[in-house]
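What follows is the content of input.pdb (PDB, C-alpha atoms and all ligand atoms).
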ATOM      1  CA  MET Q   1       0.000   0.000   0.000
ATOM      2  CA  LYS Q   2       1.375   3.385  -1.036
ATOM      3  CA  ARG Q   3       0.833   6.182   1.487
ATOM      4  CA  VAL Q   4       0.763   9.822   0.429
ATOM      5  CA  ILE Q   5       1.103  12.838   2.736
ATOM      6  CA  THR Q   6       0.432  16.510   2.026
ATOM      7  CA  PHE Q   7       0.158  19.711   4.066
ATOM      8  CA  GLY Q   8      -1.708  22.971   3.952
ATOM      9  CA  THR Q   9      -3.838  25.543   5.713
ATOM     10  CA  PHE Q  10      -6.874  25.050   3.438
ATOM     11  CA  ASP Q  11      -8.440  28.283   4.640
ATOM     12  CA  VAL Q  12     -11.666  29.354   2.854
ATOM     13  CA  PHE Q  13     -11.708  25.980   1.074
ATOM     14  CA  HIS Q  14     -11.760  26.322  -2.719
ATOM     15  CA  ILE Q  15     -11.397  24.342  -5.968
ATOM     16  CA  GLY Q  16      -7.556  24.646  -5.970
ATOM     17  CA  HIS Q  17      -7.491  22.878  -2.597
ATOM     18  CA  LEU Q  18      -9.825  20.113  -3.755
ATOM     19  CA  LEU Q  19      -7.912  19.497  -6.993
ATOM     20  CA  ILE Q  20      -4.515  19.176  -5.299
ATOM     21  CA  LEU Q  21      -5.943  16.757  -2.716
ATOM     22  CA  GLU Q  22      -7.564  14.645  -5.435
ATOM     23  CA  ARG Q  23      -4.350  14.616  -7.473
ATOM     24  CA  ALA Q  24      -2.306  13.756  -4.349
ATOM     25  CA  ALA Q  25      -4.704  10.881  -3.551
ATOM     26  CA  SER Q  26      -4.384   9.520  -7.093
ATOM     27  CA  LEU Q  27      -0.617   9.037  -6.552
ATOM     28  CA  GLY Q  28      -1.216   6.324  -3.925
ATOM     29  CA  ASP Q  29      -3.752   4.276  -1.967
ATOM     30  CA  HIS Q  30      -4.024   6.303   1.254
ATOM     31  CA  LEU Q  31      -3.947  10.087   1.699
ATOM     32  CA  VAL Q  32      -2.934  11.737   4.988
ATOM     33  CA  VAL Q  33      -3.308  15.527   5.271
ATOM     34  CA  GLY Q  34      -1.495  17.781   7.740
ATOM     35  CA  VAL Q  35      -3.690  20.811   8.412
ATOM     36  CA  SER Q  36      -1.697  23.727   9.817
ATOM     37  CA  THR Q  37      -2.893  24.996  13.184
ATOM     38  CA  ASP Q  38      -4.109  28.530  13.859
ATOM     39  CA  ALA Q  39      -1.031  29.101  16.040
ATOM     40  CA  LEU Q  40       1.330  28.011  13.234
ATOM     41  CA  ASN Q  41      -0.402  30.394  10.818
ATOM     42  CA  PHE Q  42      -0.233  33.218  13.292
ATOM     43  CA  SER Q  43       3.473  32.661  13.901
ATOM     44  CA  LYS Q  44       4.272  32.587  10.145
ATOM     45  CA  LYS Q  45       1.841  35.148   8.725
ATOM     46  CA  SER Q  46       0.988  37.328  11.753
ATOM     47  CA  ARG Q  47      -2.705  36.740  11.145
ATOM     48  CA  LEU Q  48      -5.201  34.023  11.958
ATOM     49  CA  PRO Q  49      -6.963  32.081   9.188
ATOM     50  CA  ILE Q  50     -10.611  33.056   8.466
ATOM     51  CA  TYR Q  51     -11.806  29.535   9.347
ATOM     52  CA  PRO Q  52     -10.594  28.175  12.701
ATOM     53  CA  GLU Q  53      -8.514  24.981  12.691
ATOM     54  CA  ASP Q  54     -11.284  22.666  13.927
ATOM     55  CA  GLU Q  55     -13.544  23.728  11.028
ATOM     56  CA  ARG Q  56     -10.697  23.471   8.493
ATOM     57  CA  ILE Q  57      -9.787  19.929   9.617
ATOM     58  CA  THR Q  58     -13.467  18.875   9.698
ATOM     59  CA  LEU Q  59     -13.899  19.986   6.065
ATOM     60  CA  ILE Q  60     -10.721  18.112   5.040
ATOM     61  CA  ARG Q  61     -11.792  14.914   6.871
ATOM     62  CA  ALA Q  62     -15.178  14.990   5.119
ATOM     63  CA  LEU Q  63     -13.613  14.727   1.650
ATOM     64  CA  ARG Q  64     -13.896  11.411  -0.183
ATOM     65  CA  CYS Q  65     -10.239  11.550  -1.290
ATOM     66  CA  VAL Q  66      -8.886  12.038   2.271
ATOM     67  CA  ASP Q  67      -8.306   9.027   4.534
ATOM     68  CA  GLU Q  68      -6.804  10.762   7.548
ATOM     69  CA  ALA Q  69      -5.996  14.283   8.775
ATOM     70  CA  PHE Q  70      -3.943  15.667  11.665
ATOM     71  CA  TYR Q  71      -2.847  19.096  12.922
ATOM     72  CA  GLU Q  72       0.492  20.310  11.548
ATOM     73  CA  GLU Q  73       2.002  22.212  14.466
ATOM     74  CA  SER Q  74       5.441  23.028  13.052
ATOM     75  CA  LEU Q  75       6.712  23.660   9.525
ATOM     76  CA  GLU Q  76      10.072  22.244  10.547
ATOM     77  CA  ALA Q  77       8.672  18.857  11.610
ATOM     78  CA  LYS Q  78       7.966  17.486   8.101
ATOM     79  CA  ALA Q  79      10.479  14.624   8.516
ATOM     80  CA  ASP Q  80       8.853  13.565  11.808
ATOM     81  CA  TYR Q  81       5.368  13.616  10.251
ATOM     82  CA  VAL Q  82       6.585  11.623   7.214
ATOM     83  CA  ARG Q  83       8.003   8.966   9.564
ATOM     84  CA  GLN Q  84       5.041   9.015  11.983
ATOM     85  CA  TYR Q  85       2.494   8.486   9.189
ATOM     86  CA  GLY Q  86       4.706   6.081   7.207
ATOM     87  CA  ALA Q  87       4.442   8.219   4.073
ATOM     88  CA  ASP Q  88       6.009   6.954   0.847
ATOM     89  CA  VAL Q  89       5.280  10.159  -1.063
ATOM     90  CA  LEU Q  90       5.142  13.819   0.021
ATOM     91  CA  VAL Q  91       3.049  16.034  -2.266
ATOM     92  CA  MET Q  92       3.186  19.840  -2.230
ATOM     93  CA  GLY Q  93       1.980  22.544  -4.607
ATOM     94  CA  ASP Q  94       4.698  24.004  -6.818
ATOM     95  CA  ASP Q  95       4.676  27.243  -4.824
ATOM     96  CA  TRP Q  96       6.856  25.099  -2.522
ATOM     97  CA  GLU Q  97       9.093  23.803  -5.388
ATOM     98  CA  GLY Q  98      12.482  22.669  -4.076
ATOM     99  CA  ARG Q  99      11.716  23.497  -0.447
ATOM    100  CA  PHE Q 100      11.284  19.884   0.658
ATOM    101  CA  ASP Q 101      13.946  18.226  -1.491
ATOM    102  CA  PHE Q 102      15.913  17.518   1.710
ATOM    103  CA  LEU Q 103      13.311  14.804   2.482
ATOM    104  CA  LYS Q 104      14.157  12.841  -0.657
ATOM    105  CA  ASP Q 105      16.186  10.222   1.273
ATOM    106  CA  LEU Q 106      13.059   9.576   3.396
ATOM    107  CA  CYS Q 107      10.318   9.515   0.757
ATOM    108  CA  GLU Q 108       9.480  10.517  -2.796
ATOM    109  CA  VAL Q 109       8.862  14.295  -3.058
ATOM    110  CA  VAL Q 110       6.417  15.507  -5.713
ATOM    111  CA  TYR Q 111       5.447  19.105  -6.503
ATOM    112  CA  LEU Q 112       2.176  19.493  -8.397
ATOM    113  CA  PRO Q 113       1.217  22.597 -10.375
ATOM    114  CA  ARG Q 114      -1.185  24.937  -8.585
ATOM    115  CA  THR Q 115      -4.629  25.582 -10.028
ATOM    116  CA  PRO Q 116      -4.331  28.947 -11.782
ATOM    117  CA  SER Q 117      -6.305  32.083 -10.892
ATOM    118  CA  ILE Q 118      -7.586  31.107  -7.463
ATOM    119  CA  SER Q 119      -6.262  31.663  -3.967
ATOM    120  CA  THR Q 120      -7.608  32.307  -0.481
ATOM    121  CA  THR Q 121      -6.081  35.804  -0.584
ATOM    122  CA  ALA Q 122      -7.771  36.624  -3.935
ATOM    123  CA  LEU Q 123     -11.108  35.319  -2.615
ATOM    124  CA  ILE Q 124     -10.862  37.457   0.516
ATOM    125  CA  GLU Q 125     -10.098  40.498  -1.677
ATOM    126  CA  LYS Q 126     -13.044  39.735  -3.982
ATOM    127  CA  ILE Q 127     -15.459  39.390  -1.045
ATOM    128  CA  ARG Q 128     -14.130  42.639   0.445
ATOM    129  CA  ARG Q 129     -14.816  44.568  -2.783
TER     130      ARG Q 129
HETATM  131  N1  LIG O 201      -3.065  25.103  -3.960
HETATM  132  C1  LIG O 201      -3.250  24.807  -5.325
HETATM  133  N2  LIG O 201      -3.842  25.730  -6.147
HETATM  134  C2  LIG O 201      -4.253  26.916  -5.665
HETATM  135  C3  LIG O 201      -4.088  27.239  -4.306
HETATM  136  C4  LIG O 201      -3.486  26.301  -3.465
HETATM  137  O1  LIG O 201      -2.870  23.721  -5.802
HETATM  138  N3  LIG O 201      -4.800  27.785  -6.525
HETATM  139  C5  LIG O 201      -2.396  24.126  -3.093
HETATM  140  C6  LIG O 201      -1.104  24.648  -2.484
HETATM  141  O2  LIG O 201      -0.036  24.560  -3.406
HETATM  142  C7  LIG O 201      -0.937  23.711  -1.304
HETATM  143  C8  LIG O 201      -2.392  23.383  -0.912
HETATM  144  O3  LIG O 201      -3.217  23.797  -2.011
HETATM  145  O4  LIG O 201      -0.260  22.520  -1.680
HETATM  146  C9  LIG O 201      -2.809  24.130   0.341
HETATM  147  O5  LIG O 201      -2.597  25.509   0.132
HETATM  148  P1  LIG O 201      -2.480  26.500   1.384
HETATM  149  O6  LIG O 201      -3.635  26.306   2.253
HETATM  150  O7  LIG O 201      -2.166  27.860   0.846
HETATM  151  O8  LIG O 201      -1.230  25.871   2.129
HETATM  152  P2  LIG O 201      -0.006  26.608   2.724
HETATM  153  O9  LIG O 201      -0.468  27.680   3.658
HETATM  154  O10 LIG O 201       0.931  26.967   1.609
HETATM  155  O11 LIG O 201       0.658  25.443   3.586
HETATM  156  O12 LIG O 201       3.556  22.891   5.457
HETATM  157  C10 LIG O 201       2.847  23.755   4.605
HETATM  158  C11 LIG O 201       1.952  24.615   5.414
HETATM  159  O13 LIG O 201       0.937  23.840   5.995
HETATM  160  C12 LIG O 201       1.400  25.801   4.672
END
Could I get this file's structure written as structure tokens?
Amino acid sequence: MKRVITFGTFDVFHIGHLLILERAASLGDHLVVGVSTDALNFSKKSRLPIYPEDERITLIRALRCVDEAFYEESLEAKADYVRQYGADVLVMGDDWEGRFDFLKDLCEVVYLPRTPSISTTALIEKIRR
């Protein structure tokens, strides 16, 4: 059985999020998703996500393509999460291209192209206007 792991905030869930999760799932038999905590977002971006972490993880767990989800508490703990969840493949969007190549002796690392023209930030802007 091939296990795939991916990470993200998945705030204001949109089609780009769904498509990367479906594509990640199609690379193996079991998809585990690390959902970044509110505290991790605050420490990296100095703002909280729109949707709180318990709602974001509930949405992710409800998806047909997702088998398991957990809270990602630290960006630096990728290697520990890969080991803990027995991942064979790590999938990230290509906005992270190259950033996780150091894990290549632990698992396969795949960067998938982002869905064009949609982002949480653009959605927030659109709603604001
Ligand atoms: N994504 C995508 N297409 C978009 C927008 C996002 O394919 N138009 C992908 C991103 O590349 C990422 C995933 O959806 O793989 C989740 O995106 P974010 O919620 O923005 O995740 P991010 O805050 O970058 O993750 O360890 C990583 C952290 O958890 C942060």
Chain Q residues near ligand LIG 201 (chain O) within 9 Å, closest pair each, using only C-alpha atoms and all ligand atoms, as a tab-separated table:
residue	atom	partner	partner_atom	distance
Q:Thr6	CA	O:LIG201	O4	7.1
Q:Phe7	CA	O:LIG201	O13	4.6
Q:Gly8	CA	O:LIG201	O11	3.4
Q:Thr9	CA	O:LIG201	O6	3.5
Q:Phe10	CA	O:LIG201	O6	3.7
Q:Asp11	CA	O:LIG201	O6	5.7
Q:Val12	CA	O:LIG201	O6	8.6
Q:Phe13	CA	O:LIG201	O6	8.2
Q:His14	CA	O:LIG201	C3	7.9
Q:Ile15	CA	O:LIG201	N3	7.5
Q:Gly16	CA	O:LIG201	N2	3.9
Q:His17	CA	O:LIG201	O3	4.4
Q:Leu18	CA	O:LIG201	O3	7.8
Q:Leu19	CA	O:LIG201	O1	6.7
Q:Ile20	CA	O:LIG201	O1	4.9
Q:Leu21	CA	O:LIG201	O3	7.6
Q:Gly34	CA	O:LIG201	O13	6.8
Q:Val35	CA	O:LIG201	O13	6.0
Q:Ser36	CA	O:LIG201	O13	4.6
Q:Thr37	CA	O:LIG201	O13	8.2
Q:Leu40	CA	O:LIG201	O13	8.4
Q:Asn41	CA	O:LIG201	O9	7.7
Q:Glu72	CA	O:LIG201	O13	6.6
Q:Glu73	CA	O:LIG201	O13	8.7
Q:Ser74	CA	O:LIG201	O12	7.8
Q:Leu75	CA	O:LIG201	O12	5.2
Q:Glu76	CA	O:LIG201	O12	8.3
Q:Ala77	CA	O:LIG201	O12	9.0
Q:Lys78	CA	O:LIG201	O12	7.5
Q:Val91	CA	O:LIG201	O4	7.3
Q:Met92	CA	O:LIG201	O4	4.4
Q:Gly93	CA	O:LIG201	O2	3.1
Q:Asp94	CA	O:LIG201	O2	5.9
Q:Asp95	CA	O:LIG201	O2	5.6
Q:Trp96	CA	O:LIG201	O2	7.0
Q:Tyr111	CA	O:LIG201	O4	8.2
Q:Leu112	CA	O:LIG201	O1	7.1
Q:Pro113	CA	O:LIG201	O1	6.2
Q:Arg114	CA	O:LIG201	O1	3.5
Q:Thr115	CA	O:LIG201	N2	4.0
Q:Pro116	CA	O:LIG201	N3	5.4
Q:Ser117	CA	O:LIG201	N3	6.3
Q:Ile118	CA	O:LIG201	N3	4.4
Q:Ser119	CA	O:LIG201	N3	4.9
Q:Thr120	CA	O:LIG201	O7	7.2
Q:Thr121	CA	O:LIG201	O7	9.0
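Between CA of Tyr51 (chain Q) and CA of Leu123 (chain Q) lies a distance of 13.3 Å.
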Convert the output of the PyMOL selection byres (((chain Q and resi 64) around 12) and not hetatm) on the shown file into explicit residues, formatted as a PyMOL selection string. chain Q and resi 18+21-22+25-26+30-31+59-63+65-68
Residues near Gln84 (chain Q), cut-off 12 Å, only C-alpha atoms, skip fewer than 2 positions along chain, as an mmCIF file with C-alpha atoms, in the frame of the given file:
data_model
loop_
_atom_site.group_PDB
_atom_site.id
_atom_site.type_symbol
_atom_site.label_atom_id
_atom_site.label_comp_id
_atom_site.auth_asym_id
_atom_site.auth_seq_id
_atom_site.Cartn_x
_atom_site.Cartn_y
_atom_site.Cartn_z
ATOM 1 C CA ARG Q 3 0.833 6.182 1.487
ATOM 2 C CA ILE Q 5 1.103 12.838 2.736
ATOM 3 C CA VAL Q 32 -2.934 11.737 4.988
ATOM 4 C CA GLY Q 34 -1.495 17.781 7.740
ATOM 5 C CA PHE Q 70 -3.943 15.667 11.665
ATOM 6 C CA ALA Q 77 8.672 18.857 11.610
ATOM 7 C CA LYS Q 78 7.966 17.486 8.101
ATOM 8 C CA ALA Q 79 10.479 14.624 8.516
ATOM 9 C CA ASP Q 80 8.853 13.565 11.808
ATOM 10 C CA TYR Q 81 5.368 13.616 10.251
ATOM 11 C CA VAL Q 82 6.585 11.623 7.214
ATOM 12 C CA GLY Q 86 4.706 6.081 7.207
ATOM 13 C CA ALA Q 87 4.442 8.219 4.073
ATOM 14 C CA ASP Q 88 6.009 6.954 0.847
ATOM 15 C CA LEU Q 106 13.059 9.576 3.396
#
Q: Could you tell me which residues the PyMOL selection byres (((chain Q and resi 89) around 6) and not hetatm) returns for this structure, as JSON, numbers by chain?
A: {"Q": [4, 87, 88, 90, 107, 108, 109]}
One number please: CA of Glu125 (chain Q) to CA of Pro49 (chain Q), in Å, one decimal.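 For CA of Glu125 (chain Q) relative to CA of Pro49 (chain Q), the distance reads 14.1 Å.
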| task | Rounded to one decimal place, report the CA of Lys104 (chain Q)-CA of Asp38 (chain Q) distance in Å. | result |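 Computing the Euclidean distance for CA of Lys104 (chain Q) and CA of Asp38 (chain Q) yields 28.1 Å.
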Exercise for the section: Can you work out which one of Q:Arg83, Q:Pro52, Q:Gly28, Q:Ala39 has the shortest atom-to-atom distance to Asp105 (chain Q), counting only C-alpha atoms? Expected result: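 Using only C-alpha atoms, Asp105 (chain Q) sits closest to Q:Arg83.
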Counting only C-alpha atoms, which residues come within 7 Å of (-8.4, 20.3, 11.7), with the point read in the file's coordinates, and could you list them as a list in words?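 The answer, in the requested form, is Val35, Glu53, Asp54, Glu55, Arg56, Ile57, Thr58, Phe70 and Tyr71 of chain Q.
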Writing out the chosen residues with C-alpha atoms as a PDB file, in the frame of the given file:
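So the final result, stored in out13.pdb, reads:
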ATOM      1  CA  VAL Q  35      -3.690  20.811   8.412  1.00  0.00           C
ATOM      2  CA  GLU Q  53      -8.514  24.981  12.691  1.00  0.00           C
ATOM      3  CA  ASP Q  54     -11.284  22.666  13.927  1.00  0.00           C
ATOM      4  CA  GLU Q  55     -13.544  23.728  11.028  1.00  0.00           C
ATOM      5  CA  ARG Q  56     -10.697  23.471   8.493  1.00  0.00           C
ATOM      6  CA  ILE Q  57      -9.787  19.929   9.617  1.00  0.00           C
ATOM      7  CA  THR Q  58     -13.467  18.875   9.698  1.00  0.00           C
ATOM      8  CA  PHE Q  70      -3.943  15.667  11.665  1.00  0.00           C
ATOM      9  CA  TYR Q  71      -2.847  19.096  12.922  1.00  0.00           C
TER      10      TYR Q  71
END
